[in-house]
$ cat target_22.pdb   # PDB, C-alpha atoms, pLDDT in the B column
ATOM      1  CA  ILE A   1      31.177  10.266 -11.136  1.00 97.00           C
ATOM      2  CA  ILE A   2      30.402  11.557 -14.639  1.00 97.00           C
ATOM      3  CA  ALA A   3      30.798  14.704 -16.703  1.00 97.00           C
ATOM      4  CA  ASN A   4      27.941  17.211 -16.682  1.00 97.00           C
ATOM      5  CA  HIS A   5      26.595  19.840 -19.030  1.00 96.00           C
ATOM      6  CA  ILE A   6      27.257  22.880 -16.826  1.00 95.00           C
ATOM      7  CA  VAL A   7      29.686  25.524 -18.083  1.00 93.00           C
ATOM      8  CA  PRO A   8      31.026  27.602 -15.148  1.00 91.00           C
ATOM      9  CA  ALA A   9      29.865  31.154 -15.762  1.00 91.00           C
ATOM     10  CA  SER A  10      29.178  34.500 -14.142  1.00 91.00           C
ATOM     11  CA  LEU A  11      27.178  37.499 -15.316  1.00 92.00           C
ATOM     12  CA  LYS A  12      30.097  38.824 -17.350  1.00 91.00           C
ATOM     13  CA  ASP A  13      29.999  35.660 -19.485  1.00 90.00           C
ATOM     14  CA  LEU A  14      26.454  36.394 -20.664  1.00 90.00           C
ATOM     15  CA  PRO A  15      25.488  38.510 -23.662  1.00 90.00           C
ATOM     16  CA  PRO A  16      25.151  42.177 -22.628  1.00 92.00           C
ATOM     17  CA  ALA A  17      21.352  42.105 -22.739  1.00 89.00           C
ATOM     18  CA  PHE A  18      21.318  39.453 -20.010  1.00 89.00           C
ATOM     19  CA  ARG A  19      23.892  40.972 -17.661  1.00 91.00           C
ATOM     20  CA  GLN A  20      21.247  42.025 -15.159  1.00 91.00           C
ATOM     21  CA  GLU A  21      21.651  41.806 -11.401  1.00 89.00           C
ATOM     22  CA  GLU A  22      18.408  39.878 -11.009  1.00 88.00           C
ATOM     23  CA  PHE A  23      19.947  36.974 -12.997  1.00 89.00           C
ATOM     24  CA  ASP A  24      23.015  36.701 -10.760  1.00 89.00           C
ATOM     25  CA  GLY A  25      23.111  33.201  -9.302  1.00 85.00           C
ATOM     26  CA  ARG A  26      19.858  32.257 -11.037  1.00 86.00           C
ATOM     27  CA  PHE A  27      20.995  31.011 -14.432  1.00 90.00           C
ATOM     28  CA  MET A  28      22.966  28.127 -15.894  1.00 89.00           C
ATOM     29  CA  LEU A  29      25.133  28.112 -18.984  1.00 91.00           C
ATOM     30  CA  CYS A  30      25.062  24.617 -20.479  1.00 94.00           C
ATOM     31  CA  ARG A  31      26.612  22.632 -23.284  1.00 94.00           C
ATOM     32  CA  PRO A  32      24.136  21.292 -25.859  1.00 95.00           C
ATOM     33  CA  ALA A  33      23.434  17.584 -25.745  1.00 96.00           C
ATOM     34  CA  LYS A  34      21.733  14.850 -27.700  1.00 97.00           C
ATOM     35  CA  VAL A  35      19.519  13.515 -24.936  1.00 96.00           C
ATOM     36  CA  VAL A  36      19.226   9.777 -24.296  1.00 97.00           C
ATOM     37  CA  PRO A  37      15.506   8.874 -24.709  1.00 95.00           C
ATOM     38  CA  VAL A  38      15.219   7.086 -21.353  1.00 96.00           C
ATOM     39  CA  GLU A  39      14.486   8.548 -17.922  1.00 95.00           C
ATOM     40  CA  CYS A  40      16.879   7.048 -15.361  1.00 97.00           C
ATOM     41  CA  VAL A  41      14.964   6.559 -12.116  1.00 97.00           C
ATOM     42  CA  VAL A  42      16.540   5.195  -8.941  1.00 98.00           C
ATOM     43  CA  ARG A  43      14.403   4.148  -5.995  1.00 98.00           C
ATOM     44  CA  GLY A  44      15.707   3.633  -2.498  1.00 98.00           C
ATOM     45  CA  TYR A  45      12.278   3.508  -0.855  1.00 98.00           C
ATOM     46  CA  LEU A  46       8.915   2.063  -1.820  1.00 97.00           C
ATOM     47  CA  ALA A  47       6.705   5.009  -2.757  1.00 95.00           C
ATOM     48  CA  GLY A  48       4.605   6.476  -5.547  1.00 89.00           C
ATOM     49  CA  SER A  49       3.964   4.322  -8.612  1.00 89.00           C
ATOM     50  CA  GLY A  50       6.445   1.763  -7.288  1.00 93.00           C
ATOM     51  CA  TRP A  51       4.326   1.201  -4.182  1.00 95.00           C
ATOM     52  CA  LYS A  52       1.199   0.837  -6.312  1.00 93.00           C
ATOM     53  CA  GLU A  53       2.839  -1.789  -8.525  1.00 93.00           C
ATOM     54  CA  TYR A  54       4.265  -3.642  -5.539  1.00 96.00           C
ATOM     55  CA  GLN A  55       0.810  -3.950  -3.987  1.00 97.00           C
ATOM     56  CA  GLU A  56      -0.478  -5.534  -7.191  1.00 96.00           C
ATOM     57  CA  SER A  57       2.394  -7.831  -8.143  1.00 95.00           C
ATOM     58  CA  GLY A  58       5.197  -7.704  -5.581  1.00 96.00           C
ATOM     59  CA  THR A  59       7.444  -6.058  -8.183  1.00 95.00           C
ATOM     60  CA  VAL A  60       8.631  -2.601  -9.218  1.00 93.00           C
ATOM     61  CA  CYS A  61       9.300  -2.261 -12.951  1.00 88.00           C
ATOM     62  CA  GLY A  62       9.470  -6.029 -13.092  1.00 88.00           C
ATOM     63  CA  ILE A  63      12.032  -6.297 -10.262  1.00 94.00           C
ATOM     64  CA  ARG A  64      10.896  -8.812  -7.657  1.00 95.00           C
ATOM     65  CA  LEU A  65      11.080  -7.370  -4.132  1.00 96.00           C
ATOM     66  CA  PRO A  66      10.856  -9.128  -0.747  1.00 96.00           C
ATOM     67  CA  ALA A  67       7.365  -9.889   0.501  1.00 96.00           C
ATOM     68  CA  GLY A  68       5.860  -7.956   3.383  1.00 97.00           C
ATOM     69  CA  LEU A  69       7.172  -4.478   2.588  1.00 97.00           C
ATOM     70  CA  THR A  70       4.993  -1.552   3.588  1.00 97.00           C
ATOM     71  CA  GLN A  71       4.460   1.868   2.040  1.00 97.00           C
ATOM     72  CA  CYS A  72       7.633   3.989   2.111  1.00 98.00           C
ATOM     73  CA  ASP A  73       9.799   1.156   3.418  1.00 98.00           C
ATOM     74  CA  ARG A  74      13.516   1.432   2.683  1.00 98.00           C
ATOM     75  CA  LEU A  75      14.520  -1.133   0.064  1.00 97.00           C
ATOM     76  CA  PRO A  76      17.332  -3.597   0.823  1.00 96.00           C
ATOM     77  CA  GLU A  77      19.330  -1.941  -1.984  1.00 97.00           C
ATOM     78  CA  PRO A  78      18.506   0.938  -4.359  1.00 98.00           C
ATOM     79  CA  ILE A  79      17.022  -0.252  -7.645  1.00 98.00           C
ATOM     80  CA  PHE A  80      17.250   1.165 -11.166  1.00 98.00           C
ATOM     81  CA  THR A  81      13.785   1.530 -12.678  1.00 95.00           C
ATOM     82  CA  PRO A  82      13.919   3.340 -16.037  1.00 95.00           C
ATOM     83  CA  ALA A  83      11.013   5.023 -17.752  1.00 93.00           C
ATOM     84  CA  THR A  84      10.206   6.130 -21.249  1.00 89.00           C
ATOM     85  CA  LYS A  85      10.841   9.779 -22.015  1.00 75.00           C
ATOM     86  CA  ALA A  86       7.351  10.834 -23.078  1.00 66.00           C
ATOM     87  CA  GLU A  87       6.500  13.488 -25.627  1.00 65.00           C
ATOM     88  CA  LEU A  88       5.242  16.854 -24.379  1.00 58.00           C
ATOM     89  CA  GLY A  89       1.840  16.426 -22.755  1.00 54.00           C
ATOM     90  CA  ALA A  90       2.181  12.660 -22.328  1.00 59.00           C
ATOM     91  CA  HIS A  91       3.134  10.716 -19.215  1.00 65.00           C
ATOM     92  CA  ASP A  92       6.348   8.768 -18.714  1.00 75.00           C
ATOM     93  CA  GLU A  93       5.904   4.999 -18.526  1.00 86.00           C
ATOM     94  CA  ASN A  94       7.844   2.746 -16.161  1.00 88.00           C
ATOM     95  CA  ILE A  95       9.649   0.041 -18.128  1.00 91.00           C
ATOM     96  CA  PRO A  96      11.857  -2.970 -17.278  1.00 92.00           C
ATOM     97  CA  PHE A  97      15.599  -2.758 -17.811  1.00 94.00           C
ATOM     98  CA  GLU A  98      15.315  -5.077 -20.826  1.00 95.00           C
ATOM     99  CA  ARG A  99      13.079  -2.608 -22.658  1.00 94.00           C
ATOM    100  CA  ALA A 100      15.440   0.256 -21.881  1.00 95.00           C
ATOM    101  CA  ALA A 101      18.263  -1.849 -23.323  1.00 97.00           C
ATOM    102  CA  ALA A 102      16.211  -2.440 -26.456  1.00 97.00           C
ATOM    103  CA  ILE A 103      15.725   1.332 -26.832  1.00 96.00           C
ATOM    104  CA  VAL A 104      19.306   2.528 -26.268  1.00 97.00           C
ATOM    105  CA  GLY A 105      21.422  -0.633 -26.522  1.00 97.00           C
ATOM    106  CA  GLU A 106      22.499  -3.046 -23.791  1.00 97.00           C
ATOM    107  CA  GLY A 107      25.914  -1.480 -23.212  1.00 98.00           C
ATOM    108  CA  LEU A 108      24.583   2.057 -22.800  1.00 98.00           C
ATOM    109  CA  ALA A 109      21.693   0.860 -20.634  1.00 98.00           C
ATOM    110  CA  ALA A 110      24.152  -0.843 -18.271  1.00 98.00           C
ATOM    111  CA  ARG A 111      26.267   2.323 -18.143  1.00 98.00           C
ATOM    112  CA  LEU A 112      23.211   4.456 -17.359  1.00 98.00           C
ATOM    113  CA  ARG A 113      22.176   2.048 -14.611  1.00 98.00           C
ATOM    114  CA  ASP A 114      25.595   1.971 -12.947  1.00 98.00           C
ATOM    115  CA  VAL A 115      26.101   5.743 -13.089  1.00 98.00           C
ATOM    116  CA  SER A 116      22.554   6.441 -11.867  1.00 98.00           C
ATOM    117  CA  LEU A 117      22.983   4.158  -8.867  1.00 98.00           C
ATOM    118  CA  ALA A 118      26.342   5.757  -8.016  1.00 98.00           C
ATOM    119  CA  LEU A 119      24.880   9.258  -8.255  1.00 98.00           C
ATOM    120  CA  TYR A 120      21.897   8.318  -6.110  1.00 98.00           C
ATOM    121  CA  ARG A 121      24.062   6.793  -3.391  1.00 98.00           C
ATOM    122  CA  ALA A 122      26.307   9.853  -3.293  1.00 98.00           C
ATOM    123  CA  GLY A 123      23.338  12.216  -3.069  1.00 97.00           C
ATOM    124  CA  ARG A 124      21.509  10.039  -0.550  1.00 97.00           C
ATOM    125  CA  ASP A 125      24.511   9.917   1.775  1.00 98.00           C
ATOM    126  CA  TYR A 126      25.120  13.674   1.495  1.00 97.00           C
ATOM    127  CA  ALA A 127      21.478  14.491   2.251  1.00 97.00           C
ATOM    128  CA  ALA A 128      21.294  12.004   5.132  1.00 97.00           C
ATOM    129  CA  GLN A 129      23.964  13.991   6.982  1.00 97.00           C
ATOM    130  CA  ARG A 130      21.659  17.006   6.729  1.00 96.00           C
ATOM    131  CA  GLY A 131      18.446  15.378   7.907  1.00 95.00           C
ATOM    132  CA  ILE A 132      16.877  14.621   4.520  1.00 96.00           C
ATOM    133  CA  ILE A 133      15.973  11.245   3.056  1.00 97.00           C
ATOM    134  CA  ILE A 134      16.143  11.092  -0.737  1.00 97.00           C
ATOM    135  CA  ALA A 135      13.577   8.371  -1.361  1.00 97.00           C
ATOM    136  CA  ASP A 136      13.956   8.303  -5.130  1.00 97.00           C
ATOM    137  CA  THR A 137      15.157  10.489  -7.946  1.00 97.00           C
ATOM    138  CA  LYS A 138      15.330  10.858 -11.720  1.00 96.00           C
ATOM    139  CA  PHE A 139      18.376  11.550 -13.883  1.00 97.00           C
ATOM    140  CA  GLU A 140      18.726  12.410 -17.556  1.00 97.00           C
ATOM    141  CA  PHE A 141      21.773  11.876 -19.728  1.00 98.00           C
ATOM    142  CA  GLY A 142      22.973  13.013 -23.129  1.00 98.00           C
ATOM    143  CA  PHE A 143      25.955  13.031 -25.441  1.00 98.00           C
ATOM    144  CA  ASP A 144      27.983  16.154 -26.077  1.00 96.00           C
ATOM    145  CA  GLU A 145      29.264  17.140 -29.512  1.00 95.00           C
ATOM    146  CA  SER A 146      32.297  14.858 -29.134  1.00 96.00           C
ATOM    147  CA  GLY A 147      30.153  11.845 -28.191  1.00 96.00           C
ATOM    148  CA  GLN A 148      30.945  11.923 -24.460  1.00 97.00           C
ATOM    149  CA  LEU A 149      28.150  10.773 -22.146  1.00 98.00           C
ATOM    150  CA  MET A 150      27.229  13.372 -19.537  1.00 98.00           C
ATOM    151  CA  ILE A 151      24.473  14.087 -17.072  1.00 98.00           C
ATOM    152  CA  VAL A 152      22.087  16.861 -18.107  1.00 97.00           C
ATOM    153  CA  ASP A 153      19.066  18.724 -16.772  1.00 93.00           C
ATOM    154  CA  GLU A 154      18.447  19.059 -13.034  1.00 92.00           C
ATOM    155  CA  VAL A 155      20.137  16.724 -10.542  1.00 95.00           C
ATOM    156  CA  LEU A 156      18.847  15.703  -7.112  1.00 94.00           C
ATOM    157  CA  THR A 157      16.393  18.574  -6.751  1.00 91.00           C
ATOM    158  CA  PRO A 158      13.038  18.466  -4.941  1.00 87.00           C
ATOM    159  CA  ASP A 159      11.430  18.684  -8.378  1.00 87.00           C
ATOM    160  CA  SER A 160      13.077  15.482  -9.644  1.00 92.00           C
ATOM    161  CA  SER A 161      13.219  13.604  -6.333  1.00 94.00           C
ATOM    162  CA  ARG A 162      11.251  12.711  -3.234  1.00 94.00           C
ATOM    163  CA  PHE A 163      12.773  14.523  -0.249  1.00 94.00           C
ATOM    164  CA  TRP A 164      11.540  13.443   3.197  1.00 95.00           C
ATOM    165  CA  PRO A 165      12.520  14.909   6.581  1.00 94.00           C
ATOM    166  CA  ALA A 166      14.423  12.166   8.393  1.00 96.00           C
ATOM    167  CA  ASP A 167      13.207  13.208  11.835  1.00 94.00           C
ATOM    168  CA  THR A 168       9.566  12.403  11.013  1.00 95.00           C
ATOM    169  CA  TYR A 169      10.097   9.374   8.778  1.00 97.00           C
ATOM    170  CA  ALA A 170       7.738   6.513   9.637  1.00 97.00           C
ATOM    171  CA  PRO A 171       7.095   3.693   7.126  1.00 97.00           C
ATOM    172  CA  GLY A 172       3.579   2.443   6.525  1.00 97.00           C
ATOM    173  CA  GLN A 173       2.117   5.783   5.467  1.00 94.00           C
ATOM    174  CA  ASP A 174       2.624   8.842   3.292  1.00 90.00           C
ATOM    175  CA  GLN A 175       5.555  10.973   4.444  1.00 93.00           C
ATOM    176  CA  ALA A 176       5.886  14.670   5.025  1.00 90.00           C
ATOM    177  CA  SER A 177       7.956  15.972   2.133  1.00 89.00           C
ATOM    178  CA  PHE A 178      10.010  18.859   0.778  1.00 88.00           C
ATOM    179  CA  ASP A 179       9.060  18.164  -2.819  1.00 80.00           C
ATOM    180  CA  LYS A 180       6.189  18.526  -5.267  1.00 82.00           C
ATOM    181  CA  GLN A 181       4.309  15.649  -3.609  1.00 82.00           C
ATOM    182  CA  PHE A 182       2.519  18.415  -1.690  1.00 88.00           C
ATOM    183  CA  VAL A 183       0.987  19.548  -4.998  1.00 92.00           C
ATOM    184  CA  ARG A 184       0.273  15.963  -6.103  1.00 87.00           C
ATOM    185  CA  ASN A 185      -1.616  15.292  -2.870  1.00 88.00           C
ATOM    186  CA  TRP A 186      -3.800  18.366  -3.390  1.00 94.00           C
ATOM    187  CA  LEU A 187      -4.548  17.321  -6.976  1.00 94.00           C
ATOM    188  CA  GLU A 188      -5.576  13.867  -5.783  1.00 91.00           C
ATOM    189  CA  GLU A 189      -7.775  15.359  -3.071  1.00 93.00           C
ATOM    190  CA  ILE A 190      -9.752  17.396  -5.631  1.00 95.00           C
ATOM    191  CA  GLY A 191      -9.958  14.433  -8.032  1.00 95.00           C
ATOM    192  CA  PHE A 192      -7.954  15.958 -10.886  1.00 95.00           C
ATOM    193  CA  ASN A 193      -8.016  13.535 -13.834  1.00 91.00           C
ATOM    194  CA  LYS A 194      -4.590  14.590 -15.203  1.00 86.00           C
ATOM    195  CA  GLN A 195      -6.165  15.982 -18.347  1.00 89.00           C
ATOM    196  CA  PRO A 196      -5.949  19.616 -19.499  1.00 90.00           C
ATOM    197  CA  PRO A 197      -6.830  22.201 -18.498  1.00 93.00           C
ATOM    198  CA  ALA A 198      -5.003  21.970 -15.170  1.00 91.00           C
ATOM    199  CA  PRO A 199      -6.658  23.621 -12.171  1.00 95.00           C
ATOM    200  CA  VAL A 200      -5.302  26.877 -10.793  1.00 95.00           C
ATOM    201  CA  LEU A 201      -3.328  26.206  -7.619  1.00 96.00           C
ATOM    202  CA  PRO A 202      -4.651  27.978  -4.511  1.00 96.00           C
ATOM    203  CA  LYS A 203      -2.304  30.483  -2.895  1.00 96.00           C
ATOM    204  CA  ASP A 204      -1.817  28.294   0.175  1.00 95.00           C
ATOM    205  CA  VAL A 205      -0.696  25.347  -1.990  1.00 94.00           C
ATOM    206  CA  VAL A 206       1.731  27.583  -3.894  1.00 95.00           C
ATOM    207  CA  GLN A 207       3.130  29.045  -0.671  1.00 95.00           C
ATOM    208  CA  GLY A 208       3.291  25.657   1.015  1.00 93.00           C
ATOM    209  CA  THR A 209       5.270  24.228  -1.897  1.00 91.00           C
ATOM    210  CA  ARG A 210       7.645  27.186  -1.942  1.00 93.00           C
ATOM    211  CA  ASP A 211       8.223  26.914   1.807  1.00 93.00           C
ATOM    212  CA  ARG A 212       9.143  23.252   1.438  1.00 91.00           C
ATOM    213  CA  TYR A 213      11.598  23.923  -1.389  1.00 90.00           C
ATOM    214  CA  ILE A 214      13.275  26.674   0.631  1.00 93.00           C
ATOM    215  CA  GLU A 215      13.533  24.403   3.667  1.00 91.00           C
ATOM    216  CA  ALA A 216      15.216  21.738   1.522  1.00 91.00           C
ATOM    217  CA  PHE A 217      17.638  24.333   0.147  1.00 92.00           C
ATOM    218  CA  THR A 218      18.664  25.634   3.555  1.00 94.00           C
ATOM    219  CA  ARG A 219      19.137  22.156   4.990  1.00 93.00           C
ATOM    220  CA  LEU A 220      21.205  20.893   2.072  1.00 93.00           C
ATOM    221  CA  THR A 221      23.370  23.983   1.575  1.00 93.00           C
ATOM    222  CA  ASP A 222      23.552  25.212   5.188  1.00 93.00           C
ATOM    223  CA  ARG A 223      22.911  28.780   4.046  1.00 93.00           C
ATOM    224  CA  PRO A 224      19.817  30.989   3.770  1.00 93.00           C
ATOM    225  CA  PHE A 225      17.829  31.053   0.567  1.00 91.00           C
ATOM    226  CA  PRO A 226      18.956  34.183  -1.336  1.00 86.00           C
ATOM    227  CA  TRP A 227      15.506  35.117  -2.662  1.00 81.00           C
ATOM    228  CA  ALA A 228      13.315  34.362   0.334  1.00 70.00           C
TER     229      ALA A 228
END
$ encode --input "target_22.pdb" --output "structure tokens"
Amino acid sequence: IIANHIVPASLKDLPPAFRQEEFDGRFMLCRPAKVVPVECVVRGYLAGSGWKEYQESGTVCGIRLPAGLTQCDRLPEPIFTPATKAELGAHDENIPFERAAAIVGEGLAARLRDVSLALYRAGRDYAAQRGIIIADTKFEFGFDESGQLMIVDEVLTPDSSRFWPADTYAPGQDQASFDKQFVRNWLEEIGFNKQPPAPVLPKDVVQGTRDRYIEAFTRLTDRPFPWA
């Protein structure tokens, strides 16, 4: 769909100091990029901040949606809902497409939208065959040294996406998940105000999150997690 920043590499391609067995399969060699200052979010289901906005105004990032949708409903079509790329320590802000176009230019914004939707659909369909719903996800893009647009950072991971088990999916409520929503839910339960210092995660929350990530890995790759 689009070029990416990954350079195929094995341990022998690393500097000698890093050629350690523990790194095998656990590193990426990447091309540098000038990152586009917009987060490219695609939503296929009504959850998270999108659900909160919909309850208030019937929209998500200014996009009017059909009336009568419930929490975690599947949308008629995936929607592109960009966000600002916040500075370290700040929170991203959902923005309408028009503002994204004002930031990066209308032509690039349209390209980001079209590529993001294509990537989401490909990932959604792949995961669906393996029992996982990808409810939404976030992509980042950048330009390489020759000016070519490419996708950078993580892609379709449980850290940048909402992964739900398809066999327990039921709209109208929060879903079981394989992603960091498990941590978010705990933070909301204790009333964390999203200001530093962050609370120390209990061992059961850490283990529960790890278990969910490993389950997502094994379902999507059809092989055991190497470092379980």
$ residues_near_point --input "target_22.pdb" --point "(9.3, 4.7, 1.9)" --cutoff "7 Å" --atoms "all atoms listed in the file" --output "JSON list (two decimals) with C-alpha atoms, keeping the file's coordinate frame"
[["chain", "number", "residue", "atom", "x", "y", "z"],
["A", 45, "TYR", "CA", 12.28, 3.51, -0.86],
["A", 46, "LEU", "CA", 8.91, 2.06, -1.82],
["A", 47, "ALA", "CA", 6.70, 5.01, -2.76],
["A", 71, "GLN", "CA", 4.46, 1.87, 2.04],
["A", 72, "CYS", "CA", 7.63, 3.99, 2.11],
["A", 73, "ASP", "CA", 9.80, 1.16, 3.42],
["A", 74, "ARG", "CA", 13.52, 1.43, 2.68],
["A", 135, "ALA", "CA", 13.58, 8.37, -1.36],
["A", 171, "PRO", "CA", 7.10, 3.69, 7.13]]
$ residues_around --input "target_22.pdb" --residues "Ile134 of chain A" --least-positions-apart "2" --cutoff "6 Å" --atoms "only C-alpha atoms" --output "PyMOL selection string"
chain A and resi 124+136+162-163
$ atom_distance --input "target_22.pdb" --atom1 "atom CA of Met150 of chain A" --atom2 "atom CA of Ala127 of chain A"
22.6 Å
$ closest_atom_pairs --input "target_22.pdb" --of "segment 51-134 of chain A" --to "segment 164-170 of chain A" --cutoff "6 Å" --atoms "all atoms listed in the file" --output "JSON lines"
{"residue": "A:Gly131", "atom": "CA", "partner": "A:Ala166", "partner_atom": "CA", "distance": 5.2}
{"residue": "A:Ile132", "atom": "CA", "partner": "A:Pro165", "partner_atom": "CA", "distance": 4.8}
{"residue": "A:Ile133", "atom": "CA", "partner": "A:Trp164", "partner_atom": "CA", "distance": 5.0}
$ atom_distance --input "target_22.pdb" --atom1 "atom CA of Asn4 of chain A" --atom2 "atom CA of Leu75 of chain A"
28.2 Å
$ atom_distance --input "target_22.pdb" --atom1 "atom CA of Val200 of chain A" --atom2 "atom CA of Asn185 of chain A"
14.5 Å
$ residues_around --input "target_22.pdb" --residues "Val38 of chain A" --least-positions-apart "5" --cutoff "7 Å" --atoms "all atoms listed in the file" --output "mmCIF file with C-alpha atoms, in the frame of the given file"
data_model
loop_
_atom_site.group_PDB
_atom_site.id
_atom_site.type_symbol
_atom_site.label_atom_id
_atom_site.label_comp_id
_atom_site.auth_asym_id
_atom_site.auth_seq_id
_atom_site.Cartn_x
_atom_site.Cartn_y
_atom_site.Cartn_z
ATOM 1 C CA PRO A 82 13.919 3.340 -16.037
ATOM 2 C CA ALA A 83 11.013 5.023 -17.752
ATOM 3 C CA THR A 84 10.206 6.130 -21.249
ATOM 4 C CA LYS A 85 10.841 9.779 -22.015
ATOM 5 C CA ALA A 100 15.440 0.256 -21.881
#
$ closest_atom_pairs --input "target_22.pdb" --of "segment 35-60 of chain A" --to "segment 109-123 of chain A" --cutoff "10 Å" --atoms "only C-alpha atoms" --output "Markdown table"
| residue | atom | partner | partner_atom | distance |
| --- | --- | --- | --- | --- |
| A:Val36 | CA | A:Leu112 | CA | 9.6 |
| A:Val38 | CA | A:Ala109 | CA | 9.0 |
| A:Glu39 | CA | A:Leu112 | CA | 9.7 |
| A:Cys40 | CA | A:Ser116 | CA | 6.7 |
| A:Val41 | CA | A:Ser116 | CA | 7.6 |
| A:Val42 | CA | A:Leu117 | CA | 6.5 |
| A:Arg43 | CA | A:Tyr120 | CA | 8.6 |
| A:Gly44 | CA | A:Tyr120 | CA | 8.6 |
$ write_last_selection --input "target_22.pdb" --atoms "C-alpha atoms" --output "PDB file, in the coordinates of the input"
ATOM      1  CA  VAL A  36      19.226   9.777 -24.296  1.00 97.00           C
ATOM      2  CA  VAL A  38      15.219   7.086 -21.353  1.00 96.00           C
ATOM      3  CA  GLU A  39      14.486   8.548 -17.922  1.00 95.00           C
ATOM      4  CA  CYS A  40      16.879   7.048 -15.361  1.00 97.00           C
ATOM      5  CA  VAL A  41      14.964   6.559 -12.116  1.00 97.00           C
ATOM      6  CA  VAL A  42      16.540   5.195  -8.941  1.00 98.00           C
ATOM      7  CA  ARG A  43      14.403   4.148  -5.995  1.00 98.00           C
ATOM      8  CA  GLY A  44      15.707   3.633  -2.498  1.00 98.00           C
TER       9      GLY A  44
END
$ closest_residue --input "target_22.pdb" --among "A:Cys30, A:Val35, A:Ile214, A:Leu69" --to "Gln55 of chain A" --atoms "all atoms listed in the file"
A:Leu69
$ closest_residue --input "target_22.pdb" --among "A:Ala176, A:Tyr126, A:Ile6, A:Pro76" --to "Thr221 of chain A" --atoms "all atoms listed in the file"
A:Tyr126
$ closest_atom_pairs --input "target_22.pdb" --of "segment 32-122 of chain A" --to "segment 143-149 of chain A" --cutoff "7 Å" --atoms "all atoms listed in the file" --output "Markdown table"
| residue | atom | partner | partner_atom | distance |
| --- | --- | --- | --- | --- |
| A:Pro32 | CA | A:Asp144 | CA | 6.4 |
| A:Ala33 | CA | A:Asp144 | CA | 4.8 |
| A:Lys34 | CA | A:Phe143 | CA | 5.1 |
| A:Val35 | CA | A:Phe143 | CA | 6.5 |
$ decode --input "target_22.pdb" --residues "segment 66-80 of chain A" --atoms "N, CA and C atoms" --output "PDB file, in the first residue's frame"
ATOM      1  N   PRO A  66     -24.844   8.427  11.736  1.00  0.00           N
ATOM      2  CA  PRO A  66     -26.268   8.125  11.873  1.00  0.00           C
ATOM      3  C   PRO A  66     -26.721   8.185  13.324  1.00  0.00           C
ATOM      4  N   ALA A  67     -27.951   8.575  13.527  1.00  0.00           N
ATOM      5  CA  ALA A  67     -28.513   8.617  14.880  1.00  0.00           C
ATOM      6  C   ALA A  67     -28.761   7.200  15.380  1.00  0.00           C
ATOM      7  N   GLY A  68     -28.779   7.053  16.708  1.00  0.00           N
ATOM      8  CA  GLY A  68     -29.166   5.792  17.309  1.00  0.00           C
ATOM      9  C   GLY A  68     -28.064   4.769  17.480  1.00  0.00           C
ATOM     10  N   LEU A  69     -26.803   5.143  17.211  1.00  0.00           N
ATOM     11  CA  LEU A  69     -25.710   4.213  17.414  1.00  0.00           C
ATOM     12  C   LEU A  69     -25.452   4.030  18.911  1.00  0.00           C
ATOM     13  N   THR A  70     -24.989   2.857  19.274  1.00  0.00           N
ATOM     14  CA  THR A  70     -24.666   2.583  20.663  1.00  0.00           C
ATOM     15  C   THR A  70     -23.157   2.424  20.822  1.00  0.00           C
ATOM     16  N   GLN A  71     -22.712   2.351  22.065  1.00  0.00           N
ATOM     17  CA  GLN A  71     -21.292   2.210  22.354  1.00  0.00           C
ATOM     18  C   GLN A  71     -20.732   0.962  21.668  1.00  0.00           C
ATOM     19  N   CYS A  72     -19.609   1.138  20.984  1.00  0.00           N
ATOM     20  CA  CYS A  72     -18.888   0.063  20.308  1.00  0.00           C
ATOM     21  C   CYS A  72     -19.602  -0.493  19.081  1.00  0.00           C
ATOM     22  N   ASP A  73     -20.611   0.207  18.591  1.00  0.00           N
ATOM     23  CA  ASP A  73     -21.242  -0.187  17.337  1.00  0.00           C
ATOM     24  C   ASP A  73     -20.239  -0.121  16.193  1.00  0.00           C
ATOM     25  N   ARG A  74     -20.400  -1.012  15.205  1.00  0.00           N
ATOM     26  CA  ARG A  74     -19.611  -0.906  13.983  1.00  0.00           C
ATOM     27  C   ARG A  74     -20.167   0.231  13.142  1.00  0.00           C
ATOM     28  N   LEU A  75     -19.306   1.072  12.614  1.00  0.00           N
ATOM     29  CA  LEU A  75     -19.725   2.193  11.786  1.00  0.00           C
ATOM     30  C   LEU A  75     -20.069   1.693  10.384  1.00  0.00           C
ATOM     31  N   PRO A  76     -20.962   2.403   9.686  1.00  0.00           N
ATOM     32  CA  PRO A  76     -21.301   1.986   8.318  1.00  0.00           C
ATOM     33  C   PRO A  76     -20.070   1.856   7.426  1.00  0.00           C
ATOM     34  N   GLU A  77     -19.119   2.773   7.569  1.00  0.00           N
ATOM     35  CA  GLU A  77     -17.843   2.739   6.872  1.00  0.00           C
ATOM     36  C   GLU A  77     -16.772   3.289   7.808  1.00  0.00           C
ATOM     37  N   PRO A  78     -15.531   2.808   7.718  1.00  0.00           N
ATOM     38  CA  PRO A  78     -14.462   3.397   8.531  1.00  0.00           C
ATOM     39  C   PRO A  78     -14.316   4.890   8.234  1.00  0.00           C
ATOM     40  N   ILE A  79     -13.961   5.657   9.252  1.00  0.00           N
ATOM     41  CA  ILE A  79     -13.797   7.093   9.084  1.00  0.00           C
ATOM     42  C   ILE A  79     -12.388   7.505   9.488  1.00  0.00           C
ATOM     43  N   PHE A  80     -11.884   8.527   8.819  1.00  0.00           N
ATOM     44  CA  PHE A  80     -10.562   9.091   9.088  1.00  0.00           C
ATOM     45  C   PHE A  80     -10.728  10.256  10.035  1.00  0.00           C
TER      46      PHE A  80
END
